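> My structure is below; once you've seen it, I'll send some questions.
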Amino acid sequence: MTSTDPLPLLARAAAALAQPDQPGALFHALQAAMNEAIGHRLFTIMRHDAGAGRNRRAHSSDPSAYPVSGYKPVNWDHPWTRRVLVNGTPWIGAGPADIAWAYPDHEKIAAMGLTAAMNLPVRWAGSTLGTVNLLRDATPFTEADAATGAIFASLAVPALLAAD
C-alpha cells in the first residue's frame, strides 16, 4: 500500500531521465522509487509492439528468473490484454487465482511466493507502449497504489518510445 510521500520519489525518478545511460538509468530509478512508494519484490517493464502482436521484457529486477530477452506473442482474446494493452486500464490481481488467470507462468510466480500483482500501462497518444509490472507477497495492491503507480509509469514513455 502507498505509504510514503511519492513527490520526492517522483522527482528522483524524473531526474534519471537526464542521465546518459538510458534506458537503464531510468528503469533502475523507477524500480527503486516505486519500491519505496508502493513496494514490490519483482519489478519488470515490458515493451508492447501492437503492430507485431508481441511484448518484450525491457527491464527486470530479477534477471536470473525473468531475463531481458526474446518476445512473447500477445493473446488478443484474453480479457487482461483488452483491459491493460488495448484500453490502457491498470490491472490488480490478489491471490493465486488472479495470478493464474492473468499469467501463463503463474506456477513460476507462485514458486517465488508472489501472490499480488499490478500491471500499469504506459500510454502515449492513445496507445499502449508497454507496462510497468509489480509483484509481491502477502499485501494486495490497492486502487491508490494503481493511481500513484500510473504517475510513475508515465515516466517510462520516452524510454519505451525509443527504438531498441
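Just remember, in the C-alpha cells the first chain shown is A, the second B, etc., residues are 1-based per chain, and ligands are 1-based in the order shown.
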Would you kindly return, as an NGL selection string, each protein, DNA or RNA residue with an atom no farther than 10 Å from any atom of A:Arg136, considering only C-alpha atoms and excluding same-chain residues fewer than 6 positions away?
:A and (39-43 or 94 or 109 or 112-118)
> Output N, CA and C atoms for every residue in the selection just made, as a CSV table (one decimal), in the first residue's frame.

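Wrote part.csv, looks like this:
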chain,number,residue,atom,x,y,z
A,39,GLY,N,6.0,-0.5,-3.0
A,39,GLY,CA,6.6,-1.8,-2.5
A,39,GLY,C,6.4,-2.9,-3.6
A,40,HIS,N,7.4,-3.7,-3.8
A,40,HIS,CA,7.4,-4.9,-4.7
A,40,HIS,C,8.5,-5.8,-4.4
A,41,ARG,N,8.4,-7.0,-4.8
A,41,ARG,CA,9.5,-8.0,-4.8
A,41,ARG,C,10.1,-8.2,-6.2
A,42,LEU,N,9.2,-8.1,-7.2
A,42,LEU,CA,9.6,-8.3,-8.6
A,42,LEU,C,9.1,-7.1,-9.3
A,43,PHE,N,9.9,-6.5,-10.1
A,43,PHE,CA,9.6,-5.3,-10.9
A,43,PHE,C,10.1,-5.6,-12.3
A,94,ALA,N,-5.0,-10.2,-6.9
A,94,ALA,CA,-4.8,-10.5,-5.5
A,94,ALA,C,-5.1,-12.0,-5.3
A,109,ILE,N,5.6,-18.0,-10.7
A,109,ILE,CA,5.3,-16.8,-9.8
A,109,ILE,C,5.0,-17.4,-8.5
A,112,MET,N,7.8,-18.5,-6.5
A,112,MET,CA,8.6,-17.4,-5.9
A,112,MET,C,7.9,-16.8,-4.7
A,113,GLY,N,6.7,-17.3,-4.4
A,113,GLY,CA,6.0,-16.7,-3.2
A,113,GLY,C,5.3,-15.4,-3.5
A,114,LEU,N,5.0,-15.1,-4.8
A,114,LEU,CA,4.4,-13.9,-5.1
A,114,LEU,C,2.9,-14.1,-5.3
A,115,THR,N,2.1,-13.3,-4.6
A,115,THR,CA,0.6,-13.6,-4.6
A,115,THR,C,-0.2,-12.3,-5.0
A,116,ALA,N,0.5,-11.2,-5.2
A,116,ALA,CA,-0.2,-10.0,-5.6
A,116,ALA,C,0.5,-9.4,-6.8
A,117,ALA,N,-0.2,-8.8,-7.7
A,117,ALA,CA,0.4,-8.3,-8.9
A,117,ALA,C,-0.4,-7.0,-9.3
A,118,MET,N,0.4,-6.1,-10.0
A,118,MET,CA,-0.2,-4.9,-10.5
A,118,MET,C,0.5,-4.6,-11.8
> Mind the document's chain letters and residue numbers, and return as a PDB file with all heavy atoms, in the first residue's frame the residues of stretch 27-68 of chain A that DSSP labels strand (DSSP E or B).

ATOM      1  N   LEU A  42       9.186  -8.137  -7.185  1.00  0.00           N
ATOM      2  CA  LEU A  42       9.588  -8.313  -8.576  1.00  0.00           C
ATOM      3  C   LEU A  42       9.065  -7.115  -9.347  1.00  0.00           C
ATOM      4  O   LEU A  42       7.896  -6.745  -9.228  1.00  0.00           O
ATOM      5  CB  LEU A  42       9.018  -9.609  -9.157  1.00  0.00           C
ATOM      6  CG  LEU A  42       9.320  -9.880 -10.634  1.00  0.00           C
ATOM      7  CD1 LEU A  42      10.826 -10.040 -10.874  1.00  0.00           C
ATOM      8  CD2 LEU A  42       8.570 -11.115 -11.114  1.00  0.00           C
ATOM      9  N   PHE A  43       9.934  -6.512 -10.131  1.00  0.00           N
ATOM     10  CA  PHE A  43       9.605  -5.320 -10.906  1.00  0.00           C
ATOM     11  C   PHE A  43      10.083  -5.555 -12.332  1.00  0.00           C
ATOM     12  O   PHE A  43      11.263  -5.838 -12.548  1.00  0.00           O
ATOM     13  CB  PHE A  43      10.324  -4.111 -10.300  1.00  0.00           C
ATOM     14  CG  PHE A  43      10.134  -2.817 -11.044  1.00  0.00           C
ATOM     15  CD1 PHE A  43       9.084  -1.969 -10.720  1.00  0.00           C
ATOM     16  CD2 PHE A  43      11.011  -2.439 -12.048  1.00  0.00           C
ATOM     17  CE1 PHE A  43       8.913  -0.769 -11.382  1.00  0.00           C
ATOM     18  CE2 PHE A  43      10.852  -1.244 -12.723  1.00  0.00           C
ATOM     19  CZ  PHE A  43       9.801  -0.405 -12.389  1.00  0.00           C
ATOM     20  N   THR A  44       9.170  -5.477 -13.281  1.00  0.00           N
ATOM     21  CA  THR A  44       9.552  -5.620 -14.687  1.00  0.00           C
ATOM     22  C   THR A  44       8.900  -4.521 -15.510  1.00  0.00           C
ATOM     23  O   THR A  44       7.876  -3.949 -15.116  1.00  0.00           O
ATOM     24  CB  THR A  44       9.160  -6.994 -15.279  1.00  0.00           C
ATOM     25  OG1 THR A  44       7.741  -7.107 -15.290  1.00  0.00           O
ATOM     26  CG2 THR A  44       9.773  -8.143 -14.490  1.00  0.00           C
ATOM     27  N   ILE A  45       9.506  -4.261 -16.646  1.00  0.00           N
ATOM     28  CA  ILE A  45       8.931  -3.340 -17.627  1.00  0.00           C
ATOM     29  C   ILE A  45       8.880  -4.085 -18.953  1.00  0.00           C
ATOM     30  O   ILE A  45       9.878  -4.660 -19.388  1.00  0.00           O
ATOM     31  CB  ILE A  45       9.747  -2.043 -17.768  1.00  0.00           C
ATOM     32  CG1 ILE A  45       9.753  -1.288 -16.428  1.00  0.00           C
ATOM     33  CG2 ILE A  45       9.183  -1.169 -18.888  1.00  0.00           C
ATOM     34  CD1 ILE A  45      10.617  -0.043 -16.417  1.00  0.00           C
ATOM     35  N   MET A  46       7.696  -4.109 -19.545  1.00  0.00           N
ATOM     36  CA  MET A  46       7.501  -4.755 -20.842  1.00  0.00           C
ATOM     37  C   MET A  46       7.295  -3.695 -21.909  1.00  0.00           C
ATOM     38  O   MET A  46       6.600  -2.701 -21.684  1.00  0.00           O
ATOM     39  CB  MET A  46       6.271  -5.665 -20.812  1.00  0.00           C
ATOM     40  CG  MET A  46       6.357  -6.814 -19.829  1.00  0.00           C
ATOM     41  SD  MET A  46       7.588  -8.051 -20.233  1.00  0.00           S
ATOM     42  CE  MET A  46       6.848  -8.806 -21.651  1.00  0.00           C
ATOM     43  N   ARG A  47       7.887  -3.921 -23.063  1.00  0.00           N
ATOM     44  CA  ARG A  47       7.650  -3.081 -24.238  1.00  0.00           C
ATOM     45  C   ARG A  47       6.615  -3.797 -25.101  1.00  0.00           C
ATOM     46  O   ARG A  47       6.765  -4.978 -25.408  1.00  0.00           O
ATOM     47  CB  ARG A  47       8.944  -2.894 -25.017  1.00  0.00           C
ATOM     48  CG  ARG A  47       8.798  -1.986 -26.235  1.00  0.00           C
ATOM     49  CD  ARG A  47      10.087  -1.926 -27.036  1.00  0.00           C
ATOM     50  NE  ARG A  47      11.213  -1.481 -26.230  1.00  0.00           N
ATOM     51  CZ  ARG A  47      11.648  -0.218 -26.163  1.00  0.00           C
ATOM     52  NH1 ARG A  47      11.038   0.713 -26.835  1.00  0.00           N
ATOM     53  NH2 ARG A  47      12.680   0.094 -25.422  1.00  0.00           N
ATOM     54  N   HIS A  48       5.573  -3.077 -25.478  1.00  0.00           N
ATOM     55  CA  HIS A  48       4.474  -3.649 -26.265  1.00  0.00           C
ATOM     56  C   HIS A  48       4.587  -3.174 -27.713  1.00  0.00           C
ATOM     57  O   HIS A  48       4.742  -1.977 -27.972  1.00  0.00           O
ATOM     58  CB  HIS A  48       3.138  -3.201 -25.665  1.00  0.00           C
ATOM     59  CG  HIS A  48       1.942  -3.622 -26.439  1.00  0.00           C
ATOM     60  ND1 HIS A  48       1.653  -4.934 -26.722  1.00  0.00           N
ATOM     61  CD2 HIS A  48       0.943  -2.891 -26.994  1.00  0.00           C
ATOM     62  CE1 HIS A  48       0.522  -4.990 -27.409  1.00  0.00           C
ATOM     63  NE2 HIS A  48       0.087  -3.760 -27.587  1.00  0.00           N
ATOM     64  N   ASP A  49       4.525  -4.116 -28.632  1.00  0.00           N
ATOM     65  CA  ASP A  49       4.522  -3.817 -30.070  1.00  0.00           C
ATOM     66  C   ASP A  49       3.207  -4.337 -30.632  1.00  0.00           C
ATOM     67  O   ASP A  49       3.096  -5.504 -31.007  1.00  0.00           O
ATOM     68  CB  ASP A  49       5.720  -4.494 -30.733  1.00  0.00           C
ATOM     69  CG  ASP A  49       5.844  -4.177 -32.210  1.00  0.00           C
ATOM     70  OD1 ASP A  49       4.864  -3.680 -32.824  1.00  0.00           O
ATOM     71  OD2 ASP A  49       6.928  -4.439 -32.770  1.00  0.00           O
ATOM     72  N   ARG A  54       3.316  -8.502 -30.194  1.00  0.00           N
ATOM     73  CA  ARG A  54       4.239  -9.133 -29.270  1.00  0.00           C
ATOM     74  C   ARG A  54       4.687  -8.151 -28.181  1.00  0.00           C
ATOM     75  O   ARG A  54       4.566  -6.933 -28.331  1.00  0.00           O
ATOM     76  CB  ARG A  54       5.452  -9.677 -30.011  1.00  0.00           C
ATOM     77  CG  ARG A  54       6.270  -8.600 -30.699  1.00  0.00           C
ATOM     78  CD  ARG A  54       7.346  -9.183 -31.572  1.00  0.00           C
ATOM     79  NE  ARG A  54       8.220  -8.119 -32.066  1.00  0.00           N
ATOM     80  CZ  ARG A  54       9.218  -8.332 -32.879  1.00  0.00           C
ATOM     81  NH1 ARG A  54       9.489  -9.553 -33.294  1.00  0.00           N
ATOM     82  NH2 ARG A  54       9.965  -7.335 -33.273  1.00  0.00           N
ATOM     83  N   ASN A  55       5.196  -8.719 -27.106  1.00  0.00           N
ATOM     84  CA  ASN A  55       5.762  -7.968 -25.991  1.00  0.00           C
ATOM     85  C   ASN A  55       7.176  -8.465 -25.745  1.00  0.00           C
ATOM     86  O   ASN A  55       7.488  -9.621 -26.018  1.00  0.00           O
ATOM     87  CB  ASN A  55       4.940  -8.180 -24.711  1.00  0.00           C
ATOM     88  CG  ASN A  55       3.537  -7.642 -24.825  1.00  0.00           C
ATOM     89  OD1 ASN A  55       3.315  -6.584 -25.388  1.00  0.00           O
ATOM     90  ND2 ASN A  55       2.577  -8.375 -24.287  1.00  0.00           N
ATOM     91  N   ARG A  56       8.005  -7.572 -25.193  1.00  0.00           N
ATOM     92  CA  ARG A  56       9.375  -7.941 -24.839  1.00  0.00           C
ATOM     93  C   ARG A  56       9.714  -7.321 -23.493  1.00  0.00           C
ATOM     94  O   ARG A  56       9.419  -6.147 -23.256  1.00  0.00           O
ATOM     95  CB  ARG A  56      10.364  -7.446 -25.885  1.00  0.00           C
ATOM     96  CG  ARG A  56      11.803  -7.871 -25.606  1.00  0.00           C
ATOM     97  CD  ARG A  56      12.785  -7.316 -26.608  1.00  0.00           C
ATOM     98  NE  ARG A  56      12.912  -5.879 -26.581  1.00  0.00           N
ATOM     99  CZ  ARG A  56      13.598  -5.178 -25.684  1.00  0.00           C
ATOM    100  NH1 ARG A  56      14.207  -5.792 -24.697  1.00  0.00           N
ATOM    101  NH2 ARG A  56      13.670  -3.870 -25.761  1.00  0.00           N
ATOM    102  N   ARG A  57      10.309  -8.109 -22.614  1.00  0.00           N
ATOM    103  CA  ARG A  57      10.749  -7.582 -21.330  1.00  0.00           C
ATOM    104  C   ARG A  57      11.929  -6.652 -21.575  1.00  0.00           C
ATOM    105  O   ARG A  57      12.954  -7.048 -22.136  1.00  0.00           O
ATOM    106  CB  ARG A  57      11.132  -8.729 -20.390  1.00  0.00           C
ATOM    107  CG  ARG A  57      11.317  -8.299 -18.957  1.00  0.00           C
ATOM    108  CD  ARG A  57      11.525  -9.485 -18.008  1.00  0.00           C
ATOM    109  NE  ARG A  57      10.358 -10.364 -18.011  1.00  0.00           N
ATOM    110  CZ  ARG A  57      10.330 -11.576 -18.564  1.00  0.00           C
ATOM    111  NH1 ARG A  57      11.406 -12.062 -19.146  1.00  0.00           N
ATOM    112  NH2 ARG A  57       9.244 -12.305 -18.530  1.00  0.00           N
ATOM    113  N   ALA A  58      11.796  -5.408 -21.133  1.00  0.00           N
ATOM    114  CA  ALA A  58      12.842  -4.402 -21.315  1.00  0.00           C
ATOM    115  C   ALA A  58      13.670  -4.198 -20.047  1.00  0.00           C
ATOM    116  O   ALA A  58      14.772  -3.661 -20.115  1.00  0.00           O
ATOM    117  CB  ALA A  58      12.216  -3.076 -21.737  1.00  0.00           C
ATOM    118  N   HIS A  59      13.124  -4.604 -18.901  1.00  0.00           N
ATOM    119  CA  HIS A  59      13.824  -4.448 -17.622  1.00  0.00           C
ATOM    120  C   HIS A  59      13.283  -5.468 -16.635  1.00  0.00           C
ATOM    121  O   HIS A  59      12.094  -5.786 -16.648  1.00  0.00           O
ATOM    122  CB  HIS A  59      13.621  -3.035 -17.056  1.00  0.00           C
ATOM    123  CG  HIS A  59      14.241  -2.847 -15.709  1.00  0.00           C
ATOM    124  ND1 HIS A  59      15.588  -2.614 -15.541  1.00  0.00           N
ATOM    125  CD2 HIS A  59      13.705  -2.877 -14.464  1.00  0.00           C
ATOM    126  CE1 HIS A  59      15.847  -2.502 -14.250  1.00  0.00           C
ATOM    127  NE2 HIS A  59      14.724  -2.658 -13.575  1.00  0.00           N
ATOM    128  N   SER A  60      14.166  -5.938 -15.766  1.00  0.00           N
ATOM    129  CA  SER A  60      13.763  -6.893 -14.734  1.00  0.00           C
ATOM    130  C   SER A  60      14.602  -6.681 -13.486  1.00  0.00           C
ATOM    131  O   SER A  60      15.830  -6.544 -13.577  1.00  0.00           O
ATOM    132  CB  SER A  60      13.952  -8.330 -15.230  1.00  0.00           C
ATOM    133  OG  SER A  60      13.678  -9.260 -14.201  1.00  0.00           O
TER     134      SER A  60
END
> Mind giving me the straight-line distance from atom CA of A:Leu134 to atom CA of A:Glu107 in Å, one decimal?
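These two atoms are separated by 16.8 Å.
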> Select, from A:Val84, A:Ala102, A:Leu30, A:Ala65, the residue with the minimum atom-to-atom distance to A:Leu17, counting only C-alpha atoms.
A:Leu30
> For atom CA of A:Val86 and atom CA of A:Thr128, quote the distance in Å rounded to one decimal.
6.9 Å
> Of the residues A:Pro67, A:Gln19, A:Leu26, A:Ala144, which is the one nearest to A:Pro158, using only C-alpha atoms?
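Among the listed residues, the smallest separation from A:Pro158 belongs to A:Leu26.
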> Do you have the atom CA of A:Thr89-atom CA of A:Leu155 distance handy?
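Straight-line distance from atom CA of A:Thr89 to atom CA of A:Leu155 works out to 16.5 Å.
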> Taking 4 positions as the minimum chain separation for residues in the same chain, which residues sit within 12 Å of A:Gly126 when counting only C-alpha atoms? Answer as a ChimeraX atom specification.
/A:85-89,121-122
> Nearest to A:Ala52 among A:Val74, A:Ala146, A:Ile38, A:Ala18, with distances taken over only C-alpha atoms: which residue is it?
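Nearest candidate to A:Ala52 out of A:Val74, A:Ala146, A:Ile38, A:Ala18: A:Val74.
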> Report the residues of stretch 33-107 of chain A whose backbone DSSP state falls under alpha helix (DSSP H), written as a PyMOL selection string.
chain A and resi 33-37+79-80+96-102+106-107
> Residues of the last selection are to be written out with N, CA and C atoms, as a PDB file, in the first residue's frame.

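Below you can see again36.pdb, which holds the result:
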ATOM      1  N   ALA A  33      12.342   3.854  -6.838  1.00  0.00           N
ATOM      2  CA  ALA A  33      11.338   4.805  -6.346  1.00  0.00           C
ATOM      3  C   ALA A  33       9.994   4.129  -6.105  1.00  0.00           C
ATOM      4  N   MET A  34       9.599   3.247  -7.015  1.00  0.00           N
ATOM      5  CA  MET A  34       8.314   2.562  -6.850  1.00  0.00           C
ATOM      6  C   MET A  34       8.364   1.557  -5.702  1.00  0.00           C
ATOM      7  N   ASN A  35       9.534   1.021  -5.419  1.00  0.00           N
ATOM      8  CA  ASN A  35       9.647   0.133  -4.267  1.00  0.00           C
ATOM      9  C   ASN A  35       9.431   0.923  -2.974  1.00  0.00           C
ATOM     10  N   GLU A  36      10.007   2.122  -2.904  1.00  0.00           N
ATOM     11  CA  GLU A  36       9.818   2.954  -1.715  1.00  0.00           C
ATOM     12  C   GLU A  36       8.379   3.459  -1.601  1.00  0.00           C
ATOM     13  N   ALA A  37       7.784   3.830  -2.715  1.00  0.00           N
ATOM     14  CA  ALA A  37       6.444   4.422  -2.685  1.00  0.00           C
ATOM     15  C   ALA A  37       5.343   3.388  -2.525  1.00  0.00           C
ATOM     16  N   PRO A  79      -9.020 -11.280 -21.711  1.00  0.00           N
ATOM     17  CA  PRO A  79      -9.546 -10.040 -21.115  1.00  0.00           C
ATOM     18  C   PRO A  79      -8.464  -9.149 -20.508  1.00  0.00           C
ATOM     19  N   TRP A  80      -7.377  -9.741 -19.991  1.00  0.00           N
ATOM     20  CA  TRP A  80      -6.275  -8.930 -19.473  1.00  0.00           C
ATOM     21  C   TRP A  80      -5.704  -8.059 -20.582  1.00  0.00           C
ATOM     22  N   PRO A  96      -3.655 -16.331  -5.668  1.00  0.00           N
ATOM     23  CA  PRO A  96      -3.248 -17.296  -6.696  1.00  0.00           C
ATOM     24  C   PRO A  96      -4.225 -17.411  -7.862  1.00  0.00           C
ATOM     25  N   ALA A  97      -5.511 -17.316  -7.620  1.00  0.00           N
ATOM     26  CA  ALA A  97      -6.481 -17.445  -8.723  1.00  0.00           C
ATOM     27  C   ALA A  97      -6.334 -16.300  -9.723  1.00  0.00           C
ATOM     28  N   ASP A  98      -6.150 -15.084  -9.224  1.00  0.00           N
ATOM     29  CA  ASP A  98      -5.946 -13.934 -10.119  1.00  0.00           C
ATOM     30  C   ASP A  98      -4.646 -14.078 -10.905  1.00  0.00           C
ATOM     31  N   ILE A  99      -3.589 -14.513 -10.210  1.00  0.00           N
ATOM     32  CA  ILE A  99      -2.291 -14.686 -10.870  1.00  0.00           C
ATOM     33  C   ILE A  99      -2.408 -15.747 -11.968  1.00  0.00           C
ATOM     34  N   ALA A 100      -3.074 -16.863 -11.671  1.00  0.00           N
ATOM     35  CA  ALA A 100      -3.248 -17.936 -12.663  1.00  0.00           C
ATOM     36  C   ALA A 100      -4.070 -17.450 -13.852  1.00  0.00           C
ATOM     37  N   TRP A 101      -5.060 -16.609 -13.613  1.00  0.00           N
ATOM     38  CA  TRP A 101      -5.907 -16.073 -14.680  1.00  0.00           C
ATOM     39  C   TRP A 101      -5.112 -15.182 -15.632  1.00  0.00           C
ATOM     40  N   ALA A 102      -4.197 -14.391 -15.087  1.00  0.00           N
ATOM     41  CA  ALA A 102      -3.511 -13.380 -15.885  1.00  0.00           C
ATOM     42  C   ALA A 102      -2.179 -13.823 -16.485  1.00  0.00           C
ATOM     43  N   HIS A 106       2.183 -18.645 -14.163  1.00  0.00           N
ATOM     44  CA  HIS A 106       1.708 -18.487 -12.792  1.00  0.00           C
ATOM     45  C   HIS A 106       2.361 -19.466 -11.818  1.00  0.00           C
ATOM     46  N   GLU A 107       2.735 -20.650 -12.282  1.00  0.00           N
ATOM     47  CA  GLU A 107       3.375 -21.617 -11.379  1.00  0.00           C
ATOM     48  C   GLU A 107       4.753 -21.117 -10.933  1.00  0.00           C
TER      49      GLU A 107
END
> Please determine, counting only C-alpha atoms, which residue among A:Phe152, A:Trp124, A:Phe141, A:Phe27 has the shortest atom-to-atom distance to A:Gly93.
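Comparing A:Phe152, A:Trp124, A:Phe141, A:Phe27 against A:Gly93, the winner is A:Phe141.
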> Env of A:Ala25: 12 Å cut, atoms = only C-alpha atoms, seq-sep filter 3 positions within chain, self excluded. Answer as a count of residues only.
19
